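Printed here is final26.pdb (PDB, C-alpha atoms and all ligand atoms):
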```pdb
MODEL        1
ATOM      1  CA  MET A  46     162.374  75.200  98.048  1.00  0.00           C
ATOM      2  CA  ILE A  47     165.993  74.102  97.560  1.00  0.00           C
ATOM      3  CA  LYS A  48     165.458  73.261  93.882  1.00  0.00           C
ATOM      4  CA  MET A  49     163.416  76.400  93.260  1.00  0.00           C
ATOM      5  CA  LEU A  50     165.133  79.308  91.511  1.00  0.00           C
ATOM      6  CA  LYS A  51     164.729  82.312  93.809  1.00  0.00           C
ATOM      7  CA  ILE A  52     164.692  85.634  91.968  1.00  0.00           C
ATOM      8  CA  ALA A  53     164.751  88.982  93.786  1.00  0.00           C
ATOM      9  CA  ILE A  54     163.387  91.909  91.777  1.00  0.00           C
ATOM     10  CA  ALA A  55     163.800  95.558  92.725  1.00  0.00           C
ATOM     11  CA  LYS A  56     160.414  97.039  93.589  1.00  0.00           C
ATOM     12  CA  GLY A  57     159.173 100.012  91.563  1.00  0.00           C
ATOM     13  CA  ARG A  58     160.232 100.835  88.014  1.00  0.00           C
ATOM     14  CA  VAL A  59     162.416  97.736  87.560  1.00  0.00           C
ATOM     15  CA  ALA A  60     159.662  95.367  88.746  1.00  0.00           C
ATOM     16  CA  GLU A  61     157.149  97.053  86.426  1.00  0.00           C
ATOM     17  CA  LYS A  62     159.418  96.658  83.389  1.00  0.00           C
ATOM     18  CA  VAL A  63     160.458  93.113  84.282  1.00  0.00           C
ATOM     19  CA  SER A  64     156.838  91.996  84.656  1.00  0.00           C
ATOM     20  CA  GLU A  65     156.210  93.412  81.143  1.00  0.00           C
ATOM     21  CA  LEU A  66     159.198  91.484  79.755  1.00  0.00           C
ATOM     22  CA  LEU A  67     158.019  88.291  81.446  1.00  0.00           C
ATOM     23  CA  LEU A  68     154.663  88.564  79.649  1.00  0.00           C
ATOM     24  CA  ASP A  69     156.562  87.815  76.434  1.00  0.00           C
ATOM     25  CA  THR A  70     158.114  84.626  77.799  1.00  0.00           C
ATOM     26  CA  VAL A  71     156.450  81.217  77.606  1.00  0.00           C
ATOM     27  CA  ASP A  72     157.498  79.933  81.020  1.00  0.00           C
ATOM     28  CA  TYR A  73     157.353  82.952  83.309  1.00  0.00           C
ATOM     29  CA  ARG A  74     154.311  84.946  82.225  1.00  0.00           C
ATOM     30  CA  ASN A  75     151.486  85.662  84.668  1.00  0.00           C
ATOM     31  CA  ILE A  76     153.436  84.625  87.749  1.00  0.00           C
ATOM     32  CA  ILE A  77     154.022  88.125  89.117  1.00  0.00           C
ATOM     33  CA  ASP A  78     150.939  90.232  89.846  1.00  0.00           C
ATOM     34  CA  LEU A  79     151.930  93.797  90.675  1.00  0.00           C
ATOM     35  CA  SER A  80     148.327  94.829  91.264  1.00  0.00           C
ATOM     36  CA  SER A  81     148.368  92.883  94.539  1.00  0.00           C
ATOM     37  CA  ARG A  82     150.288  93.711  97.729  1.00  0.00           C
ATOM     38  CA  LYS A  83     151.917  90.281  97.716  1.00  0.00           C
ATOM     39  CA  LEU A  84     155.700  90.211  97.892  1.00  0.00           C
ATOM     40  CA  ILE A  85     156.364  86.578  96.932  1.00  0.00           C
ATOM     41  CA  PHE A  86     155.128  84.802  93.800  1.00  0.00           C
ATOM     42  CA  THR A  87     155.732  81.068  93.555  1.00  0.00           C
ATOM     43  CA  ASN A  88     155.202  78.742  90.598  1.00  0.00           C
ATOM     44  CA  LYS A  89     155.894  75.157  91.598  1.00  0.00           C
ATOM     45  CA  ASP A  90     155.621  73.730  88.061  1.00  0.00           C
ATOM     46  CA  LYS A  91     158.286  76.099  86.801  1.00  0.00           C
ATOM     47  CA  GLU A  92     160.262  75.753  90.056  1.00  0.00           C
ATOM     48  CA  VAL A  93     160.597  79.498  90.402  1.00  0.00           C
ATOM     49  CA  VAL A  94     159.976  82.017  93.188  1.00  0.00           C
ATOM     50  CA  PHE A  95     159.967  85.736  92.407  1.00  0.00           C
ATOM     51  CA  PHE A  96     160.042  88.200  95.256  1.00  0.00           C
ATOM     52  CA  LEU A  97     159.957  91.977  95.407  1.00  0.00           C
ATOM     53  CA  ALA A  98     162.612  93.709  97.518  1.00  0.00           C
ATOM     54  CA  LYS A  99     163.713  97.272  98.117  1.00  0.00           C
ATOM     55  CA  PRO A 100     166.288  97.990  95.367  1.00  0.00           C
ATOM     56  CA  SER A 101     169.220  98.445  97.760  1.00  0.00           C
ATOM     57  CA  ASP A 102     168.365  95.124  99.435  1.00  0.00           C
ATOM     58  CA  VAL A 103     168.519  93.077  96.208  1.00  0.00           C
ATOM     59  CA  PRO A 104     172.360  92.712  96.223  1.00  0.00           C
ATOM     60  CA  VAL A 105     172.160  91.744  99.916  1.00  0.00           C
ATOM     61  CA  TYR A 106     169.717  88.894  99.188  1.00  0.00           C
ATOM     62  CA  VAL A 107     171.766  87.670  96.217  1.00  0.00           C
ATOM     63  CA  GLY A 108     175.141  88.041  97.928  1.00  0.00           C
ATOM     64  CA  SER A 109     173.946  85.992 100.888  1.00  0.00           C
ATOM     65  CA  GLY A 110     172.310  83.266  98.787  1.00  0.00           C
ATOM     66  CA  ALA A 111     168.782  84.035 100.077  1.00  0.00           C
ATOM     67  CA  ALA A 112     168.135  84.745  96.378  1.00  0.00           C
ATOM     68  CA  ASP A 113     169.906  82.985  93.488  1.00  0.00           C
ATOM     69  CA  VAL A 114     169.276  85.795  91.003  1.00  0.00           C
ATOM     70  CA  GLY A 115     168.578  89.515  91.337  1.00  0.00           C
ATOM     71  CA  ILE A 116     167.367  92.161  88.925  1.00  0.00           C
ATOM     72  CA  VAL A 117     168.278  95.697  89.931  1.00  0.00           C
ATOM     73  CA  GLY A 118     169.586  98.991  88.554  1.00  0.00           C
ATOM     74  CA  LYS A 119     173.302  99.480  87.940  1.00  0.00           C
ATOM     75  CA  ASP A 120     173.103 102.549  90.225  1.00  0.00           C
ATOM     76  CA  ILE A 121     172.394 100.255  93.170  1.00  0.00           C
ATOM     77  CA  LEU A 122     175.161  97.826  92.156  1.00  0.00           C
ATOM     78  CA  MET A 123     177.666 100.692  92.013  1.00  0.00           C
ATOM     79  CA  GLU A 124     176.539 101.952  95.410  1.00  0.00           C
ATOM     80  CA  VAL A 125     175.991  98.660  97.290  1.00  0.00           C
ATOM     81  CA  ARG A 126     178.967  96.439  96.477  1.00  0.00           C
ATOM     82  CA  SER A 127     178.297  92.706  96.679  1.00  0.00           C
ATOM     83  CA  GLN A 128     180.196  89.532  95.911  1.00  0.00           C
ATOM     84  CA  THR A 129     177.951  88.507  93.024  1.00  0.00           C
ATOM     85  CA  TYR A 130     178.297  87.901  89.302  1.00  0.00           C
ATOM     86  CA  GLU A 131     176.687  90.439  86.972  1.00  0.00           C
ATOM     87  CA  ILE A 132     175.624  88.338  83.976  1.00  0.00           C
ATOM     88  CA  LEU A 133     173.248  90.419  81.915  1.00  0.00           C
ATOM     89  CA  ASP A 134     172.462  94.000  80.947  1.00  0.00           C
ATOM     90  CA  LEU A 135     168.689  93.963  80.486  1.00  0.00           C
ATOM     91  CA  LYS A 136     168.794  97.357  78.764  1.00  0.00           C
ATOM     92  CA  ILE A 137     165.586  98.390  80.505  1.00  0.00           C
ATOM     93  CA  CYS A 138     164.988 101.263  82.941  1.00  0.00           C
ATOM     94  CA  ARG A 139     167.543 103.329  81.097  1.00  0.00           C
ATOM     95  CA  CYS A 140     168.481 106.524  82.915  1.00  0.00           C
ATOM     96  CA  ARG A 141     171.515 108.683  83.782  1.00  0.00           C
ATOM     97  CA  MET A 142     173.395 109.477  86.960  1.00  0.00           C
ATOM     98  CA  VAL A 143     173.981 113.233  86.936  1.00  0.00           C
ATOM     99  CA  LEU A 144     175.244 116.171  88.900  1.00  0.00           C
ATOM    100  CA  ALA A 145     172.418 118.720  88.894  1.00  0.00           C
ATOM    101  CA  GLY A 146     171.528 121.970  90.577  1.00  0.00           C
ATOM    102  CA  PRO A 147     169.639 125.247  90.363  1.00  0.00           C
ATOM    103  CA  SER A 148     169.216 126.652  86.882  1.00  0.00           C
ATOM    104  CA  GLU A 149     169.664 130.271  87.872  1.00  0.00           C
ATOM    105  CA  LYS A 150     173.410 129.779  88.105  1.00  0.00           C
ATOM    106  CA  GLU A 151     175.031 131.325  85.032  1.00  0.00           C
ATOM    107  CA  GLN A 152     177.826 128.847  84.530  1.00  0.00           C
ATOM    108  CA  ALA A 153     177.012 125.339  83.322  1.00  0.00           C
ATOM    109  CA  ARG A 154     178.911 123.949  86.269  1.00  0.00           C
ATOM    110  CA  PRO A 155     179.302 126.234  89.298  1.00  0.00           C
ATOM    111  CA  ILE A 156     181.684 125.328  92.104  1.00  0.00           C
ATOM    112  CA  VAL A 157     179.839 122.989  94.427  1.00  0.00           C
ATOM    113  CA  ARG A 158     180.729 122.406  98.069  1.00  0.00           C
ATOM    114  CA  LYS A 159     177.755 120.510  99.440  1.00  0.00           C
ATOM    115  CA  ILE A 160     176.101 117.624  97.594  1.00  0.00           C
ATOM    116  CA  ALA A 161     172.874 115.888  98.581  1.00  0.00           C
ATOM    117  CA  THR A 162     172.389 112.347  97.296  1.00  0.00           C
ATOM    118  CA  LYS A 163     171.061 108.836  97.847  1.00  0.00           C
ATOM    119  CA  TYR A 164     174.411 107.673  96.409  1.00  0.00           C
ATOM    120  CA  PRO A 165     177.264 108.712  98.746  1.00  0.00           C
ATOM    121  CA  ARG A 166     179.726 106.149  97.362  1.00  0.00           C
ATOM    122  CA  ILE A 167     179.160 107.074  93.711  1.00  0.00           C
ATOM    123  CA  SER A 168     179.334 110.775  94.611  1.00  0.00           C
ATOM    124  CA  THR A 169     182.542 110.371  96.625  1.00  0.00           C
ATOM    125  CA  GLU A 170     184.229 108.415  93.818  1.00  0.00           C
ATOM    126  CA  TYR A 171     183.096 110.960  91.246  1.00  0.00           C
ATOM    127  CA  PHE A 172     184.461 113.966  93.133  1.00  0.00           C
ATOM    128  CA  ASN A 173     187.633 112.073  94.116  1.00  0.00           C
ATOM    129  CA  SER A 174     188.232 111.365  90.418  1.00  0.00           C
ATOM    130  CA  LYS A 175     188.065 115.121  89.852  1.00  0.00           C
ATOM    131  CA  SER A 176     190.243 115.844  92.906  1.00  0.00           C
ATOM    132  CA  GLU A 177     187.452 118.006  94.293  1.00  0.00           C
ATOM    133  CA  SER A 178     186.650 118.089  97.958  1.00  0.00           C
ATOM    134  CA  VAL A 179     182.920 118.204  98.737  1.00  0.00           C
ATOM    135  CA  GLU A 180     180.683 117.508 101.700  1.00  0.00           C
ATOM    136  CA  ILE A 181     178.259 114.672 100.949  1.00  0.00           C
ATOM    137  CA  ILE A 182     174.840 114.762 102.640  1.00  0.00           C
ATOM    138  CA  LYS A 183     173.017 111.418 102.476  1.00  0.00           C
ATOM    139  CA  LEU A 184     169.255 111.656 101.915  1.00  0.00           C
ATOM    140  CA  ASP A 185     166.704 108.918 101.242  1.00  0.00           C
ATOM    141  CA  GLY A 186     164.431 110.491  98.630  1.00  0.00           C
ATOM    142  CA  SER A 187     163.118 113.638  96.938  1.00  0.00           C
ATOM    143  CA  ILE A 188     166.744 114.701  96.537  1.00  0.00           C
ATOM    144  CA  GLU A 189     165.690 117.646  94.356  1.00  0.00           C
ATOM    145  CA  LEU A 190     164.443 119.400  97.490  1.00  0.00           C
ATOM    146  CA  ALA A 191     167.923 119.801  98.968  1.00  0.00           C
ATOM    147  CA  PRO A 192     169.303 122.667  96.824  1.00  0.00           C
ATOM    148  CA  LEU A 193     165.871 124.326  96.704  1.00  0.00           C
ATOM    149  CA  MET A 194     165.659 124.409 100.504  1.00  0.00           C
ATOM    150  CA  GLY A 195     169.284 125.460 101.016  1.00  0.00           C
ATOM    151  CA  LEU A 196     170.546 122.109 102.324  1.00  0.00           C
ATOM    152  CA  SER A 197     173.067 121.655  99.478  1.00  0.00           C
ATOM    153  CA  ASP A 198     174.486 123.423  96.404  1.00  0.00           C
ATOM    154  CA  ALA A 199     173.744 120.529  94.077  1.00  0.00           C
ATOM    155  CA  ILE A 200     172.607 116.902  93.891  1.00  0.00           C
ATOM    156  CA  VAL A 201     173.889 113.632  92.488  1.00  0.00           C
ATOM    157  CA  ASP A 202     170.848 111.641  91.381  1.00  0.00           C
ATOM    158  CA  ILE A 203     169.305 109.631  88.587  1.00  0.00           C
ATOM    159  CA  VAL A 204     167.393 111.320  85.786  1.00  0.00           C
ATOM    160  CA  GLU A 205     165.036 109.375  83.592  1.00  0.00           C
ATOM    161  CA  SER A 206     162.597 111.662  81.765  1.00  0.00           C
ATOM    162  CA  GLY A 207     164.077 114.860  83.225  1.00  0.00           C
ATOM    163  CA  LYS A 208     160.610 115.933  84.377  1.00  0.00           C
ATOM    164  CA  THR A 209     161.386 116.126  88.096  1.00  0.00           C
ATOM    165  CA  LEU A 210     164.419 118.357  87.508  1.00  0.00           C
ATOM    166  CA  LYS A 211     162.550 120.590  85.071  1.00  0.00           C
ATOM    167  CA  GLU A 212     159.460 121.026  87.205  1.00  0.00           C
ATOM    168  CA  ASN A 213     161.628 122.025  90.158  1.00  0.00           C
ATOM    169  CA  GLY A 214     163.808 124.514  88.294  1.00  0.00           C
ATOM    170  CA  LEU A 215     166.955 122.379  88.269  1.00  0.00           C
ATOM    171  CA  ILE A 216     169.323 121.585  85.383  1.00  0.00           C
ATOM    172  CA  VAL A 217     171.945 118.931  84.669  1.00  0.00           C
ATOM    173  CA  TYR A 218     175.472 120.286  85.242  1.00  0.00           C
ATOM    174  CA  GLU A 219     177.315 117.088  84.255  1.00  0.00           C
ATOM    175  CA  ASN A 220     176.596 113.494  83.259  1.00  0.00           C
ATOM    176  CA  ILE A 221     178.284 110.950  85.507  1.00  0.00           C
ATOM    177  CA  CYS A 222     177.261 107.653  83.862  1.00  0.00           C
ATOM    178  CA  ASP A 223     174.479 105.749  82.097  1.00  0.00           C
ATOM    179  CA  ILE A 224     172.383 103.302  84.091  1.00  0.00           C
ATOM    180  CA  THR A 225     170.321 100.237  83.072  1.00  0.00           C
ATOM    181  CA  ALA A 226     168.871  97.270  84.973  1.00  0.00           C
ATOM    182  CA  ARG A 227     171.203  94.278  85.376  1.00  0.00           C
ATOM    183  CA  MET A 228     170.870  90.625  86.298  1.00  0.00           C
ATOM    184  CA  ILE A 229     173.125  89.467  89.115  1.00  0.00           C
ATOM    185  CA  VAL A 230     173.696  85.927  90.334  1.00  0.00           C
ATOM    186  CA  ASN A 231     174.916  84.368  93.566  1.00  0.00           C
ATOM    187  CA  ARG A 232     178.329  82.754  92.987  1.00  0.00           C
ATOM    188  CA  VAL A 233     177.426  79.358  94.457  1.00  0.00           C
ATOM    189  CA  SER A 234     174.023  79.323  92.738  1.00  0.00           C
ATOM    190  CA  TYR A 235     175.739  80.023  89.417  1.00  0.00           C
ATOM    191  CA  LYS A 236     177.467  76.641  89.761  1.00  0.00           C
ATOM    192  CA  MET A 237     174.693  74.682  91.475  1.00  0.00           C
ATOM    193  CA  LYS A 238     171.720  76.030  89.502  1.00  0.00           C
ATOM    194  CA  ASN A 239     173.487  76.915  86.277  1.00  0.00           C
ATOM    195  CA  LYS A 240     170.893  75.311  84.017  1.00  0.00           C
ATOM    196  CA  SER A 241     167.848  77.010  85.529  1.00  0.00           C
ATOM    197  CA  ILE A 242     169.674  80.357  85.746  1.00  0.00           C
ATOM    198  CA  ASN A 243     170.627  80.187  82.080  1.00  0.00           C
ATOM    199  CA  THR A 244     167.092  79.129  81.116  1.00  0.00           C
ATOM    200  CA  PHE A 245     165.666  82.169  82.915  1.00  0.00           C
ATOM    201  CA  ALA A 246     168.346  84.541  81.576  1.00  0.00           C
ATOM    202  CA  SER A 247     167.794  83.291  78.007  1.00  0.00           C
ATOM    203  CA  ALA A 248     164.016  83.636  78.279  1.00  0.00           C
ATOM    204  CA  ILE A 249     164.178  87.190  79.544  1.00  0.00           C
ATOM    205  CA  SER A 250     166.934  88.252  77.164  1.00  0.00           C
ATOM    206  CA  THR A 251     165.054  86.812  74.185  1.00  0.00           C
ATOM    207  CA  SER A 252     162.052  88.823  75.316  1.00  0.00           C
ATOM    208  CA  PHE A 253     164.005  92.104  75.169  1.00  0.00           C
ATOM    209  CA  GLY A 254     165.987  91.031  72.104  1.00  0.00           C
ATOM    210  CA  GLY A 255     169.225  90.728  74.045  1.00  0.00           C
ATOM    211  CA  GLY A 256     170.182  87.478  72.326  1.00  0.00           C
ATOM    212  CA  GLY A 257     170.773  85.212  75.320  1.00  0.00           C
ATOM    213  CA  THR A 258     173.680  85.050  77.713  1.00  0.00           C
ATOM    214  CA  ASN A 259     176.736  82.929  78.353  1.00  0.00           C
ATOM    215  CA  ALA A 260     179.479  82.498  80.908  1.00  0.00           C
ATOM    216  CA  GLN A 261     181.738  84.924  79.074  1.00  0.00           C
ATOM    217  CA  SER A 262     179.403  87.779  79.920  1.00  0.00           C
ATOM    218  CA  ILE A 263     180.214  87.387  83.617  1.00  0.00           C
ATOM    219  CA  VAL A 264     181.924  90.227  85.390  1.00  0.00           C
ATOM    220  CA  MET A 265     182.568  90.420  89.083  1.00  0.00           C
ATOM    221  CA  GLY A 266     180.113  92.546  90.986  1.00  0.00           C
TER
HETATM  222  C1  LIG A 301     163.943 109.163  91.042  1.00  0.00           C
HETATM  223  C2  LIG A 301     165.074 110.165  91.094  1.00  0.00           C
HETATM  224  C3  LIG A 301     164.415 111.434  90.675  1.00  0.00           C
HETATM  225  C4  LIG A 301     163.362 110.961  89.686  1.00  0.00           C
HETATM  226  C5  LIG A 301     163.838 111.185  88.274  1.00  0.00           C
HETATM  227  O1  LIG A 301     163.197 109.269  92.203  1.00  0.00           O
HETATM  228  O2  LIG A 301     165.637 110.216  92.392  1.00  0.00           O
HETATM  229  O3  LIG A 301     163.811 112.095  91.751  1.00  0.00           O
HETATM  230  O4  LIG A 301     163.183 109.564  89.902  1.00  0.00           O
HETATM  231  O5  LIG A 301     162.851 110.783  87.328  1.00  0.00           O
HETATM  232  P1  LIG A 301     162.459 111.702  86.108  1.00  0.00           P
HETATM  233  O6  LIG A 301     163.721 112.214  85.466  1.00  0.00           O
HETATM  234  O7  LIG A 301     161.706 110.780  85.190  1.00  0.00           O
HETATM  235  O8  LIG A 301     161.587 112.813  86.610  1.00  0.00           O
HETATM  236  P2  LIG A 301     162.118 108.209  92.608  1.00  0.00           P
HETATM  237  O9  LIG A 301     160.891 108.371  91.781  1.00  0.00           O
HETATM  238  O10 LIG A 301     162.716 106.857  92.562  1.00  0.00           O
HETATM  239  O11 LIG A 301     161.722 108.631  94.093  1.00  0.00           O
HETATM  240  P3  LIG A 301     162.569 109.203  95.300  1.00  0.00           P
HETATM  241  O12 LIG A 301     162.778 110.658  95.039  1.00  0.00           O
HETATM  242  O13 LIG A 301     161.728 108.972  96.493  1.00  0.00           O
HETATM  243  O14 LIG A 301     163.865 108.456  95.359  1.00  0.00           O
ENDMDL
END
```

Here is the file; what I need is its structure written in the form of structure tokens.
Ligand code: PRP
Amino acid sequence: MIKMLKIAIAKGRVAEKVSELLLDTVDYRNIIDLSSRKLIFTNKDKEVVFFLAKPSDVPVYVGSGAADVGIVGKDILMEVRSQTYEILDLKICRCRMVLAGPSEKEQARPIVRKIATKYPRISTEYFNSKSESVEIIKLDGSIELAPLMGLSDAIVDIVESGKTLKENGLIVYENICDITARMIVNRVSYKMKNKSINTFASAISTSFGGGGTNAQSIVMG
């Protein structure tokens, strides 16, 4: 297990896209099977273990060294700070972090006092940067419900297709930032397992046409 490269992948949309990308690689195809309920996928020949974790737990696994590598959305990395290296933008699972709310408001951006979100840190930093004081209400899902049920004036959430907002009568008031899936690496693993990490990063980046990676692409997480 010590030699194995342990890779934590965020369950859900990221895992679905990553398993598609891995189909185009020579070494890592057909290891992950998302049709099963298994969480851990080991390939001894390739010395790799993939495991599926809740997105917000991926930086925790990688930061602690329980995983060498993680693949997770930038939204999670902005919200859950970890002492990891971010080495690659996979350019998949592209979406936007937005401030959104009911469409019946006439102005594009009404004054908001109460915000519901899964992202309290991102929301706080956003409103601090605008010197606006708001109450942040932390929810765990279906954030769009909050303004519709009178819990908040608006939401800070991710929008991918825009379908959920539209079908619930909400509109984007402001864009906060663009989001894509990123590869993060444990700091010790980056030294100790550099070769296998780079082999994996190159394989996956070739598969999405990202052109490989190198040490210069490292930024602190
Ligand atoms: C996310 C997000 C929105 C939705 C946006 O929720 O919080 O609700 O996706 O996607 P769309 O723009 O393509 O409609 P997710 O599906 O992760 O579930 P959750 O509400 O339980 O967090």

Quick one: which residues end up in the PyMOL selection byres (((chain A and resi 204-219) around 12) and not hetatm) for this structure, as a compact mmCIF listing (two decimals) with C-alpha atoms, in the frame of the given file?
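Output (result-v7.txt):
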```txt
# COMPACT_ATOMS: atom_id res chain seq x y z
CA ARG A 58 160.23 100.84 88.01
CA ASP A 120 173.10 102.55 90.22
CA ILE A 137 165.59 98.39 80.50
CA CYS A 138 164.99 101.26 82.94
CA ARG A 139 167.54 103.33 81.10
CA CYS A 140 168.48 106.52 82.92
CA ARG A 141 171.52 108.68 83.78
CA MET A 142 173.40 109.48 86.96
CA VAL A 143 173.98 113.23 86.94
CA LEU A 144 175.24 116.17 88.90
CA ALA A 145 172.42 118.72 88.89
CA GLY A 146 171.53 121.97 90.58
CA PRO A 147 169.64 125.25 90.36
CA SER A 148 169.22 126.65 86.88
CA GLU A 149 169.66 130.27 87.87
CA LYS A 150 173.41 129.78 88.10
CA GLU A 151 175.03 131.32 85.03
CA GLN A 152 177.83 128.85 84.53
CA ALA A 153 177.01 125.34 83.32
CA ARG A 154 178.91 123.95 86.27
CA PRO A 155 179.30 126.23 89.30
CA ILE A 156 181.68 125.33 92.10
CA VAL A 157 179.84 122.99 94.43
CA TYR A 171 183.10 110.96 91.25
CA PHE A 172 184.46 113.97 93.13
CA SER A 187 163.12 113.64 96.94
CA ILE A 188 166.74 114.70 96.54
CA GLU A 189 165.69 117.65 94.36
CA LEU A 190 164.44 119.40 97.49
CA ALA A 191 167.92 119.80 98.97
CA PRO A 192 169.30 122.67 96.82
CA LEU A 193 165.87 124.33 96.70
CA MET A 194 165.66 124.41 100.50
CA ASP A 198 174.49 123.42 96.40
CA ALA A 199 173.74 120.53 94.08
CA ILE A 200 172.61 116.90 93.89
CA VAL A 201 173.89 113.63 92.49
CA ASP A 202 170.85 111.64 91.38
CA ILE A 203 169.30 109.63 88.59
CA ASN A 220 176.60 113.49 83.26
CA ILE A 221 178.28 110.95 85.51
CA CYS A 222 177.26 107.65 83.86
CA ASP A 223 174.48 105.75 82.10
CA ILE A 224 172.38 103.30 84.09
CA THR A 225 170.32 100.24 83.07
```

Could you write out as JSON the box around ligand LIG 301 (chain A) (axis-aligned, all atoms listed in the file, 6 Å on each side), with centre and edge lengths in Å to one decimal?
```
{"center_x": 163.3, "center_y": 109.8, "center_z": 90.8, "size_x": 16.7, "size_y": 18.0, "size_z": 23.3}
```

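We find CA of Asp185 in chain A and CA of Lys163 in chain A to be spaced 5.5 Å apart.
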
Shell of 9 Å around range 121-126 of chain A, all atoms listed in the file, local chain residues under 5 positions omitted, as a list in words = Pro100, Ser101, Asp102, Val103, Pro104, Val105, Tyr164, Pro165, Arg166, Ile167, Arg227 and Gly266 of chain A

In the coordinates of the file, take the point (160.6, 90.1, 80.2) and a cut-off of 10 Å; then, counting all atoms listed in the file, name each qualifying protein, DNA or RNA residue as a PyMOL selection string.
-> chain A and resi 61-70+73-74+135+137+245-246+248-254

Using all atoms listed in the file, which of A:Leu84, A:Ile54, A:Leu184, A:Ala112 sits nearest ligand LIG 301 (chain A)?
-> A:Leu184
